[in-house]
file input33.txt (compact mmCIF, C-alpha atoms)
# COMPACT_ATOMS: atom_id res chain seq x y z
CA MET E 1 100.04 -90.71 128.68
CA SER E 2 99.68 -93.29 131.45
CA THR E 3 102.32 -95.73 132.58
CA SER E 4 102.15 -99.17 131.03
CA ASP E 5 104.64 -101.93 130.36
CA THR E 6 106.25 -100.11 127.42
CA MET E 7 107.19 -96.61 126.33
CA LYS E 8 108.81 -94.75 123.44
CA ALA E 9 112.58 -94.19 123.56
CA TRP E 10 115.29 -93.19 121.12
CA GLN E 11 117.89 -95.92 121.24
CA LEU E 12 121.15 -97.12 119.70
CA ASN E 13 121.34 -100.65 118.38
CA SER E 14 124.82 -100.17 116.91
CA PHE E 15 127.60 -97.57 116.79
CA GLY E 16 128.51 -95.38 113.83
CA THR E 17 128.79 -91.87 112.44
CA ASP E 18 125.41 -91.70 110.68
CA ILE E 19 122.77 -90.60 113.20
CA SER E 20 119.79 -91.66 111.08
CA SER E 21 121.15 -95.19 110.69
CA HIS E 22 122.06 -95.85 114.30
CA LEU E 23 119.64 -93.81 116.44
CA GLN E 24 116.10 -95.15 116.12
CA LEU E 25 112.76 -94.60 117.87
CA ASN E 26 111.61 -97.75 119.66
CA SER E 27 107.91 -97.57 120.57
CA GLN E 28 108.04 -100.85 122.51
CA THR E 29 110.85 -100.09 124.96
CA PRO E 30 110.31 -101.76 128.35
CA MET E 31 109.27 -99.29 131.03
CA PRO E 32 112.20 -98.58 133.41
CA GLU E 33 111.72 -99.90 136.92
CA ILE E 34 112.73 -98.56 140.31
CA THR E 35 115.26 -101.07 141.66
CA ARG E 36 116.61 -99.12 144.63
CA PRO E 37 114.68 -97.49 147.51
CA ASP E 38 116.25 -94.06 146.82
CA GLU E 39 115.15 -93.84 143.17
CA LEU E 40 112.31 -92.04 141.37
CA LEU E 41 110.49 -92.78 138.13
CA ILE E 42 110.25 -89.55 136.14
CA LYS E 43 107.88 -88.75 133.30
CA VAL E 44 110.20 -86.79 131.00
CA HIS E 45 108.84 -83.49 129.70
CA ALA E 46 112.12 -82.23 128.21
CA THR E 47 115.72 -83.30 127.79
CA SER E 48 118.76 -82.01 125.91
CA ILE E 49 121.53 -83.15 123.59
CA ASN E 50 125.06 -82.85 124.95
CA PRO E 51 128.22 -83.38 122.89
CA ILE E 52 128.90 -86.56 124.86
CA ASP E 53 125.66 -88.02 123.46
CA CYS E 54 126.96 -87.51 119.91
CA PHE E 55 130.32 -89.01 120.85
CA MET E 56 128.57 -92.04 122.33
CA VAL E 57 126.67 -92.63 119.09
CA ARG E 58 130.10 -93.30 117.58
CA GLY E 59 131.04 -95.65 120.43
CA TYR E 60 132.81 -93.29 122.85
CA GLY E 61 132.75 -94.75 126.35
CA SER E 62 131.02 -97.96 125.27
CA LYS E 63 133.31 -100.13 127.38
CA ALA E 64 134.38 -97.63 130.03
CA ILE E 65 130.79 -96.80 130.94
CA GLN E 66 129.92 -100.48 131.16
CA ILE E 67 132.74 -100.85 133.69
CA LEU E 68 131.17 -98.08 135.79
CA ARG E 69 127.73 -99.68 135.55
CA GLU E 70 129.01 -103.09 136.59
CA LYS E 71 130.93 -101.50 139.46
CA ALA E 72 127.76 -99.71 140.63
CA LYS E 73 126.00 -103.09 140.69
CA GLY E 74 128.92 -104.70 142.55
CA ARG E 75 129.67 -107.04 139.64
CA TRP E 76 133.44 -107.02 139.09
CA THR E 77 133.61 -109.97 136.73
CA LEU E 78 136.59 -111.05 134.64
CA SER E 79 134.70 -110.18 131.45
CA VAL E 80 134.24 -106.60 132.63
CA LEU E 81 137.86 -106.18 133.64
CA CYS E 82 138.88 -107.56 130.24
CA ASN E 83 136.93 -104.92 128.37
CA ARG E 84 133.46 -106.24 127.64
CA GLY E 85 131.40 -103.66 125.76
CA GLU E 86 128.07 -102.11 126.64
CA GLU E 87 124.98 -104.10 125.78
CA PHE E 88 122.47 -102.84 123.21
CA PRO E 89 120.02 -101.20 122.99
CA ILE E 90 121.38 -98.03 124.59
CA THR E 91 119.24 -95.06 125.66
CA LEU E 92 121.30 -91.87 125.76
CA GLY E 93 120.54 -88.50 127.38
CA ARG E 94 121.72 -86.91 130.62
CA ASP E 95 119.69 -83.72 131.27
CA ILE E 96 116.13 -84.12 132.48
CA ALA E 97 113.07 -82.06 133.42
CA GLY E 98 109.75 -83.67 134.19
CA THR E 99 107.26 -84.85 136.82
CA VAL E 100 107.60 -87.51 139.49
CA GLU E 101 105.57 -90.60 138.54
CA ARG E 102 106.63 -93.03 141.29
CA ILE E 103 108.99 -92.96 144.27
CA GLY E 104 111.11 -95.53 146.07
CA LYS E 105 110.28 -96.39 149.66
CA ASP E 106 113.15 -94.31 151.10
CA VAL E 107 112.29 -91.15 149.14
CA THR E 108 110.79 -88.50 151.42
CA GLU E 109 111.99 -85.34 149.64
CA PHE E 110 109.57 -85.69 146.70
CA LYS E 111 106.01 -86.79 146.06
CA VAL E 112 104.17 -87.99 142.99
CA GLY E 113 103.36 -85.05 140.70
CA ASP E 114 106.31 -82.86 141.76
CA LYS E 115 107.95 -80.93 138.93
CA VAL E 116 111.69 -81.60 138.99
CA TYR E 117 114.87 -81.14 136.98
CA GLY E 118 118.38 -82.54 137.14
CA PHE E 119 120.38 -85.24 135.38
CA VAL E 120 120.72 -88.99 134.90
CA VAL E 121 124.06 -90.60 135.74
CA VAL E 122 125.69 -92.97 133.26
CA THR E 123 124.94 -96.00 135.44
CA HIS E 124 121.24 -95.49 134.58
CA LYS E 125 119.35 -95.59 131.29
CA GLY E 126 119.26 -92.13 129.73
CA SER E 127 116.59 -89.46 129.39
CA HIS E 128 115.88 -89.57 125.65
CA ALA E 129 112.70 -91.45 126.45
CA GLU E 130 109.21 -90.90 127.81
CA TYR E 131 110.25 -92.15 131.25
CA THR E 132 113.51 -92.61 133.10
CA VAL E 133 114.67 -93.62 136.59
CA VAL E 134 116.93 -91.28 138.58
CA ASP E 135 118.64 -91.24 141.95
CA LYS E 136 116.89 -88.81 144.31
CA ASN E 137 120.15 -86.95 144.89
CA TRP E 138 120.36 -85.80 141.27
CA VAL E 139 117.01 -84.05 140.91
CA HIS E 140 115.59 -80.92 142.52
CA LEU E 141 112.24 -79.16 142.52
CA LYS E 142 111.93 -77.05 139.38
CA PRO E 143 111.53 -73.31 139.98
CA ASP E 144 108.17 -72.02 138.78
CA PHE E 145 109.86 -69.33 136.69
CA LEU E 146 111.51 -71.96 134.45
CA LYS E 147 109.76 -73.90 131.70
CA PHE E 148 110.57 -77.60 131.50
CA SER E 149 112.44 -76.91 128.25
CA GLU E 150 114.57 -74.29 130.01
CA ALA E 151 115.25 -76.41 133.10
CA ALA E 152 116.41 -79.29 130.89
CA SER E 153 119.19 -77.11 129.46
CA ILE E 154 121.15 -76.37 132.63
CA THR E 155 122.41 -79.00 135.03
CA PHE E 156 124.72 -81.25 133.00
CA GLY E 157 126.66 -78.32 131.52
CA ALA E 158 126.82 -76.46 134.81
CA LEU E 159 127.98 -79.46 136.81
CA THR E 160 130.51 -80.31 134.11
CA THR E 161 132.03 -76.86 134.67
CA TRP E 162 131.97 -77.30 138.43
CA SER E 163 133.54 -80.76 138.16
CA VAL E 164 136.47 -79.88 135.92
CA ILE E 165 137.34 -76.79 137.95
CA ARG E 166 137.06 -78.35 141.40
CA ASN E 167 138.69 -81.64 140.36
CA ALA E 168 141.67 -79.58 139.20
CA GLY E 169 142.05 -78.35 142.78
CA LEU E 170 141.00 -74.79 142.01
CA THR E 171 139.42 -72.98 144.96
CA ASP E 172 138.87 -69.34 145.95
CA LEU E 173 138.10 -68.39 142.34
CA LYS E 174 137.10 -64.79 143.02
CA ASP E 175 139.18 -62.44 140.84
CA LYS E 176 140.97 -65.38 139.17
CA ASN E 177 141.54 -64.82 135.45
CA PHE E 178 139.91 -67.46 133.22
CA LEU E 179 140.18 -68.06 129.49
CA VAL E 180 137.26 -70.10 128.12
CA LEU E 181 137.97 -71.36 124.61
CA GLY E 182 134.73 -71.98 122.72
CA GLY E 183 132.30 -70.26 125.06
CA SER E 184 129.11 -70.25 122.99
CA GLY E 185 128.04 -73.89 123.28
CA GLY E 186 125.85 -75.57 125.88
CA VAL E 187 128.67 -76.05 128.40
CA GLY E 188 130.38 -72.75 127.60
CA THR E 189 127.36 -70.52 128.14
CA VAL E 190 126.70 -72.07 131.55
CA ALA E 191 130.42 -72.04 132.42
CA ILE E 192 130.58 -68.30 131.82
CA GLN E 193 127.57 -67.71 134.07
CA TYR E 194 128.96 -69.93 136.81
CA LEU E 195 132.41 -68.31 136.76
CA SER E 196 130.83 -64.86 136.69
CA SER E 197 128.62 -65.71 139.69
CA ILE E 198 131.67 -66.46 141.84
CA GLY E 199 133.52 -63.32 140.81
CA ALA E 200 136.03 -64.66 138.30
CA LYS E 201 137.33 -62.56 135.42
CA ILE E 202 136.47 -64.18 132.09
CA THR E 203 137.82 -63.90 128.57
CA THR E 204 136.19 -66.18 126.02
CA THR E 205 136.39 -66.98 122.32
CA CYS E 206 133.43 -67.57 119.99
CA SER E 207 132.05 -66.65 116.59
CA ALA E 208 131.02 -63.07 115.87
CA THR E 209 127.32 -63.96 116.08
CA SER E 210 127.67 -64.86 119.78
CA LEU E 211 129.70 -61.89 121.01
CA ALA E 212 126.78 -59.91 122.46
CA THR E 213 125.18 -62.97 124.08
CA LEU E 214 128.34 -63.96 125.96
CA LEU E 215 128.84 -60.43 127.24
CA GLU E 216 125.28 -60.49 128.54
CA LEU E 217 125.93 -63.81 130.28
CA GLY E 218 128.86 -62.36 132.22
CA ALA E 219 132.03 -62.57 130.12
CA ASP E 220 134.36 -59.60 130.60
CA PHE E 221 136.01 -59.87 127.20
CA VAL E 222 134.83 -61.76 124.11
CA VAL E 223 137.15 -62.47 121.17
CA ASP E 224 136.03 -63.54 117.70
CA TYR E 225 137.96 -66.76 117.10
CA LYS E 226 138.01 -66.01 113.34
CA SER E 227 139.74 -62.67 113.87
CA ASP E 228 143.20 -62.28 112.37
CA ASP E 229 144.34 -60.90 115.75
CA VAL E 230 142.69 -63.55 117.93
CA GLU E 231 145.89 -64.61 119.71
CA LYS E 232 147.00 -61.03 120.21
CA GLU E 233 143.63 -60.12 121.72
CA VAL E 234 143.63 -63.17 123.98
CA GLU E 235 147.16 -62.36 125.14
CA SER E 236 146.18 -58.77 125.95
CA HIS E 237 143.75 -59.95 128.64
CA GLY E 238 146.14 -62.49 130.19
CA PRO E 239 148.04 -64.04 131.77
CA TYR E 240 145.46 -66.59 132.90
CA ASP E 241 145.09 -68.63 136.07
CA CYS E 242 143.05 -71.26 134.26
CA ILE E 243 142.34 -72.05 130.61
CA LEU E 244 139.17 -74.09 130.03
CA ASP E 245 139.26 -75.62 126.55
CA LEU E 246 135.79 -76.38 125.15
CA SER E 247 136.89 -76.04 121.54
CA GLY E 248 137.75 -79.64 120.75
CA GLY E 249 141.29 -80.51 121.86
CA LEU E 250 144.95 -79.52 121.77
CA GLU E 251 145.12 -79.68 117.98
CA LYS E 252 143.05 -76.48 117.91
CA SER E 253 144.15 -74.82 121.12
CA ALA E 254 147.82 -75.64 121.80
CA ASN E 255 148.90 -72.10 120.84
CA PHE E 256 147.00 -70.70 123.82
CA ILE E 257 148.96 -72.63 126.46
CA LYS E 258 151.65 -69.95 126.50
CA TYR E 259 149.17 -67.34 127.75
CA GLY E 260 148.76 -69.08 131.10
CA ARG E 261 150.75 -67.73 134.03
CA ARG E 262 153.08 -70.11 135.88
CA GLY E 263 150.90 -72.52 137.84
CA CYS E 264 148.03 -72.18 135.35
CA GLN E 265 145.74 -75.18 134.86
CA PHE E 266 144.95 -75.92 131.20
CA ILE E 267 141.86 -78.16 131.27
CA LEU E 268 140.79 -80.20 128.24
CA LEU E 269 137.16 -81.27 128.36
CA ASN E 270 137.51 -84.26 126.02
CA PHE E 271 138.74 -86.81 128.57
CA HIS E 272 141.19 -89.03 126.68
CA GLY E 273 141.19 -91.60 129.45
CA ILE E 274 137.78 -92.85 128.30
CA HIS E 275 139.25 -93.70 124.89
CA ASN E 276 142.06 -95.59 126.59
CA LEU E 277 139.66 -97.58 128.77
CA ASP E 278 137.61 -98.43 125.68
CA ASN E 279 140.65 -99.55 123.72
CA TYR E 280 142.83 -101.19 126.37
CA GLY E 281 140.60 -102.14 129.30
CA LEU E 282 140.69 -101.05 132.92
CA VAL E 283 144.30 -101.78 133.91
CA LEU E 284 146.22 -101.07 130.70
CA GLY E 285 143.91 -98.16 129.85
CA GLY E 286 144.61 -96.55 133.22
CA LEU E 287 148.34 -96.96 132.78
CA LYS E 288 148.25 -95.50 129.27
CA THR E 289 146.21 -92.50 130.48
CA GLY E 290 148.83 -91.74 133.12
CA TRP E 291 151.62 -92.02 130.54
CA ASP E 292 149.80 -89.82 128.00
CA LEU E 293 149.13 -87.12 130.56
CA ALA E 294 152.72 -87.16 131.82
CA SER E 295 153.98 -86.83 128.24
CA LEU E 296 151.75 -83.83 127.55
CA ASN E 297 152.94 -82.09 130.70
CA VAL E 298 156.67 -82.44 130.10
CA ASN E 299 156.69 -79.72 127.46
CA SER E 300 154.01 -77.44 128.93
CA LYS E 301 155.51 -77.48 132.42
CA LEU E 302 159.08 -76.93 131.30
CA ARG E 303 158.33 -74.20 128.74
CA HIS E 304 155.40 -72.37 130.31
CA GLY E 305 154.86 -73.63 133.86
CA VAL E 306 151.35 -74.73 132.82
CA THR E 307 149.78 -78.01 133.94
CA ILE E 308 147.57 -79.82 131.42
CA ARG E 309 144.62 -81.78 132.80
CA TRP E 310 141.74 -83.74 131.33
CA GLY E 311 138.39 -82.88 132.80
CA MET E 312 135.02 -84.60 132.70
CA PHE E 313 131.59 -84.51 134.26
CA THR E 314 131.49 -85.93 137.79
CA PRO E 315 128.29 -86.25 139.85
CA HIS E 316 128.95 -84.41 143.10
CA LEU E 317 126.37 -83.47 145.75
CA ASP E 318 128.05 -80.21 146.78
CA GLY E 319 128.34 -79.14 143.16
CA PHE E 320 124.72 -79.98 142.35
CA LYS E 321 123.48 -78.08 145.41
CA GLU E 322 125.57 -75.05 144.45
CA ILE E 323 124.21 -75.15 140.89
CA VAL E 324 120.54 -75.34 141.92
CA ASP E 325 121.08 -72.49 144.41
CA LEU E 326 122.54 -70.32 141.64
CA VAL E 327 119.61 -71.22 139.37
CA GLN E 328 117.15 -70.25 142.11
CA GLN E 329 118.96 -66.91 142.50
CA LYS E 330 118.80 -66.46 138.71
CA LYS E 331 122.58 -66.22 138.54
CA ILE E 332 122.55 -69.15 136.11
CA LYS E 333 119.88 -68.78 133.43
CA PRO E 334 118.93 -71.01 130.50
CA ASN E 335 120.41 -70.19 127.11
CA VAL E 336 118.61 -72.32 124.54
CA GLU E 337 119.43 -72.12 120.85
CA GLN E 338 116.54 -74.28 119.65
CA VAL E 339 113.84 -76.62 120.94
CA TYR E 340 113.05 -79.72 118.88
CA LYS E 341 110.08 -82.07 119.09
CA PHE E 342 110.54 -85.63 120.36
CA SER E 343 109.98 -86.90 116.81
CA GLU E 344 112.89 -84.66 115.70
CA MET E 345 115.52 -86.26 117.96
CA GLN E 346 117.74 -87.22 115.03
CA GLN E 347 117.74 -83.62 113.73
CA ALA E 348 118.64 -82.38 117.20
CA TYR E 349 121.64 -84.72 117.32
CA GLU E 350 122.72 -83.61 113.86
CA ARG E 351 122.61 -79.96 114.96
CA VAL E 352 124.92 -80.65 117.90
CA GLN E 353 127.26 -82.67 115.67
CA LYS E 354 127.67 -79.66 113.36
CA GLY E 355 129.07 -77.59 116.24
CA HIS E 356 129.31 -73.79 116.51
CA LEU E 357 126.33 -73.75 118.86
CA ARG E 358 124.90 -70.59 120.37
CA GLY E 359 123.35 -72.27 123.39
CA LYS E 360 121.77 -75.59 124.31
CA ILE E 361 119.79 -77.89 122.03
CA VAL E 362 116.67 -79.08 123.85
CA VAL E 363 114.12 -81.76 122.93
CA GLU E 364 110.55 -81.64 124.24
CA ILE E 365 108.74 -84.89 124.92
CA ILE E 366 105.69 -83.05 126.27
CA GLU E 367 105.13 -79.53 124.97
CA ASP E 368 105.29 -76.70 127.52
CA LYS E 369 101.88 -75.11 127.97

call {"tool": "encode", "arguments": {"input": "input33.txt", "output": "structure tokens"}}
result
Amino acid sequence: MSTSDTMKAWQLNSFGTDISSHLQLNSQTPMPEITRPDELLIKVHATSINPIDCFMVRGYGSKAIQILREKAKGRWTLSVLCNRGEEFPITLGRDIAGTVERIGKDVTEFKVGDKVYGFVVVTHKGSHAEYTVVDKNWVHLKPDFLKFSEAASITFGALTTWSVIRNAGLTDLKDKNFLVLGGSGGVGTVAIQYLSSIGAKITTTCSATSLATLLELGADFVVDYKSDDVEKEVESHGPYDCILDLSGGLEKSANFIKYGRRGCQFILLNFHGIHNLDNYGLVLGGLKTGWDLASLNVNSKLRHGVTIRWGMFTPHLDGFKEIVDLVQQKKIKPNVEQVYKFSEMQQAYERVQKGHLRGKIVVEIIEDK
């Protein structure tokens, strides 16, 4: 496949719940262009599906992300501040593994042909395409011991974990007691490895089919979330310094707040502030997010001494460097449930939408040899 003026990409032309109706393969997508001197054009060999991709199919972040993109371009127009939505078509996808096709004039760390992996930030077109453009800071040389399909399963989930923990002000995590609710998915399996690598104690919940896998990845105690004694078992390994909720929100996990010790951080991964920005715009959405978070904390702080936070992925150089170092040391390893072909992108999305994952869902654009 040689570069031309067009490429194949899976794109959204509208929002909705039905993947097959809204996510379509466009074989005449314009080739992405390097617009900044610190960018690279990557030929994508493999990518992954993250839960945020499925949420975005339904419109999650459609206006909030456009605000970030306009800010990155220095275009703070009245229409953006008043909640203009993202423009179609939209190419999703954050994780990436591939080869360097072209480099910007200020890029000295990479050369054409280098095998790299990393992620695409939301201010750029996504990686569910044959080519994508990335900032040089968010890719790294791929270790030879990883396939492209394995490398594409790691960075977004790992840096999500790093972001939500560090943004909550948690440091010196050695020997801290963590509860990870819903540990068997793409973020959970990497979170367990990351926390284990820094010496944290980890209890996690999952289905019975994932118990052995999560123990192998570094969890100290694994609890079947369908067990009649799930809360009793979770309580027996507490109290916890931090509860990381990957299970889908307070409706499912509120009963576990009481198992945090005083000063515990209860971190919800579904960042509600994005919904507020989408629905109310930058100013009112920010105010509503602050009010919602304060309301949640009144009860949890008074009754249990636990602080509730929303967490989300944040691109951070220190975090990315720490992640790639741990990958190189084989302290963070890929855990892939299934690899789909590029033509099977819709099926891959549908698998992630069903939930109860036992690892990452990866899509190959170019088959690993």

call {"tool": "residues_around", "arguments": {"input": "input33.txt", "residues": "range 330-347 of chain E", "least_positions_apart": "4", "cutoff": "9 Å", "atoms": "only C-alpha atoms", "output": "number ranges by chain"}}
result
E: 10, 19-20, 23-25, 46, 48-49, 128-129, 146, 149-154, 158, 186, 189-190, 193-194, 196-197, 217, 323-326, 351-352, 357-367

call {"tool": "closest_residue", "arguments": {"input": "input33.txt", "among": "E:Pro37, E:Pro32, E:Gly238, E:Gly286", "to": "Glu130 in chain E", "atoms": "all atoms listed in the file"}}
result
E:Pro32

call {"tool": "atom_distance", "arguments": {"input": "input33.txt", "atom1": "CA of Trp162 in chain E", "atom2": "CA of His140 in chain E"}}
result
17.3 Å

call {"tool": "residues_near_point", "arguments": {"input": "input33.txt", "point": "(149.3, -68.9, 137.4)", "cutoff": "8 Å", "atoms": "only C-alpha atoms", "output": "list in words"}}
result
Pro239, Tyr240, Asp241, Cys242, Gly260, Arg261, Arg262, Gly263, Cys264, Gln265 and Val306 of chain E

call {"tool": "residues_around", "arguments": {"input": "input33.txt", "residues": "Arg94 in chain E", "least_positions_apart": "5", "cutoff": "12 Å", "atoms": "only C-alpha atoms", "output": "PyMOL selection string"}}
result
chain E and resi 44+46-54+56+117-129+132-134+138-139+152-157+159-160+313+315+362-363

call {"tool": "atom_distance", "arguments": {"input": "input33.txt", "atom1": "CA of Gly183 in chain E", "atom2": "CA of Lys321 in chain E"}}
result
23.5 Å

call {"tool": "axis_aligned_box", "arguments": {"input": "input33.txt", "around": "range 39-57 of chain E", "padding_each_side": "5 Å", "output": "lines of an AutoDock Vina configuration file"}}
result
center_x = 119.1
center_y = -87.9
center_z = 131.1
size_x = 32.4
size_y = 21.8
size_z = 34.1

call {"tool": "atom_distance", "arguments": {"input": "input33.txt", "atom1": "CA of Lys105 in chain E", "atom2": "CA of Leu317 in chain E"}}
result
21.0 Å

call {"tool": "residues_around", "arguments": {"input": "input33.txt", "residues": "Leu141 in chain E", "least_positions_apart": "2", "cutoff": "12 Å", "atoms": "all atoms listed in the file", "output": "JSON, numbers by chain"}}
result
{"E": [96, 97, 98, 99, 100, 109, 110, 111, 112, 113, 114, 115, 116, 117, 118, 136, 137, 138, 139, 143, 144, 145, 146, 148, 151, 321, 324, 325, 327, 328]}

call {"tool": "closest_residue", "arguments": {"input": "input33.txt", "among": "E:Thr289, E:Thr29, E:Thr17, E:Asn177", "to": "Ile202 in chain E", "atoms": "all atoms listed in the file"}}
result
E:Asn177

call {"tool": "residues_around", "arguments": {"input": "input33.txt", "residues": "Ile243 in chain E", "least_positions_apart": "6", "cutoff": "8 Å", "atoms": "only C-alpha atoms", "output": "list in words"}}
result
Phe178, Leu179, Val180, Leu181, Ile257, Gly260, Cys264, Gln265, Phe266 and Ile267 of chain E

call {"tool": "build_atoms", "arguments": {"input": "input33.txt", "residues": "range 348-356 of chain E", "atoms": "all heavy atoms", "output": "CSV table (one decimal), in the frame of the given file"}}
result
chain,number,residue,atom,x,y,z
E,348,ALA,N,118.0,-83.0,116.1
E,348,ALA,CA,118.6,-82.4,117.2
E,348,ALA,C,120.1,-82.9,117.4
E,348,ALA,O,121.0,-82.1,117.6
E,348,ALA,CB,117.8,-82.6,118.5
E,349,TYR,N,120.3,-84.2,117.3
E,349,TYR,CA,121.6,-84.7,117.3
E,349,TYR,C,122.5,-84.2,116.2
E,349,TYR,O,123.7,-83.8,116.4
E,349,TYR,CB,121.6,-86.2,117.2
E,349,TYR,CG,121.5,-87.0,118.5
E,349,TYR,CD1,120.3,-87.2,119.2
E,349,TYR,CD2,122.7,-87.5,119.1
E,349,TYR,CE1,120.2,-87.8,120.4
E,349,TYR,CE2,122.6,-88.2,120.3
E,349,TYR,CZ,121.4,-88.4,120.9
E,349,TYR,OH,121.3,-89.1,122.1
E,350,GLU,N,122.0,-84.1,115.0
E,350,GLU,CA,122.7,-83.6,113.9
E,350,GLU,C,123.1,-82.2,114.0
E,350,GLU,O,124.2,-81.7,113.7
E,350,GLU,CB,121.9,-83.8,112.6
E,350,GLU,CG,121.8,-85.3,112.2
E,350,GLU,CD,120.7,-85.5,111.1
E,350,GLU,OE1,120.0,-84.5,110.8
E,350,GLU,OE2,120.6,-86.6,110.6
E,351,ARG,N,122.3,-81.4,114.7
E,351,ARG,CA,122.6,-80.0,115.0
E,351,ARG,C,123.8,-79.9,115.9
E,351,ARG,O,124.7,-79.1,115.7
E,351,ARG,CB,121.4,-79.2,115.5
E,351,ARG,CG,121.7,-77.8,116.0
E,351,ARG,CD,122.1,-76.9,114.8
E,351,ARG,NE,122.7,-75.6,115.2
E,351,ARG,CZ,124.0,-75.4,115.3
E,351,ARG,NH1,124.9,-76.4,115.1
E,351,ARG,NH2,124.5,-74.2,115.7
E,352,VAL,N,123.8,-80.7,117.0
E,352,VAL,CA,124.9,-80.6,117.9
E,352,VAL,C,126.2,-81.1,117.2
E,352,VAL,O,127.3,-80.6,117.5
E,352,VAL,CB,124.6,-81.5,119.2
E,352,VAL,CG1,125.8,-81.5,120.1
E,352,VAL,CG2,123.4,-80.9,119.9
E,353,GLN,N,126.1,-82.2,116.4
E,353,GLN,CA,127.3,-82.7,115.7
E,353,GLN,C,127.9,-81.6,114.8
E,353,GLN,O,129.1,-81.6,114.6
E,353,GLN,CB,126.9,-83.9,114.8
E,353,GLN,CG,126.9,-85.2,115.5
E,353,GLN,CD,126.8,-86.4,114.6
E,353,GLN,OE1,126.3,-86.3,113.5
E,353,GLN,NE2,127.4,-87.5,115.0
E,354,LYS,N,127.1,-80.7,114.2
E,354,LYS,CA,127.7,-79.7,113.4
E,354,LYS,C,128.5,-78.7,114.1
E,354,LYS,O,129.4,-78.0,113.6
E,354,LYS,CB,126.5,-78.9,112.6
E,354,LYS,CG,125.8,-79.8,111.6
E,354,LYS,CD,124.7,-79.0,110.9
E,354,LYS,CE,124.0,-79.8,109.9
E,354,LYS,NZ,122.8,-79.0,109.3
E,355,GLY,N,128.3,-78.5,115.4
E,355,GLY,CA,129.1,-77.6,116.2
E,355,GLY,C,128.7,-76.1,116.0
E,355,GLY,O,127.7,-75.8,115.5
E,356,HIS,N,129.5,-75.2,116.6
E,356,HIS,CA,129.3,-73.8,116.5
E,356,HIS,C,127.9,-73.4,117.1
E,356,HIS,O,127.2,-72.6,116.5
E,356,HIS,CB,129.5,-73.3,115.1
E,356,HIS,CG,130.8,-73.6,114.4
E,356,HIS,ND1,132.0,-73.1,114.9
E,356,HIS,CD2,131.1,-74.5,113.4
E,356,HIS,CE1,133.0,-73.6,114.2
E,356,HIS,NE2,132.5,-74.4,113.3
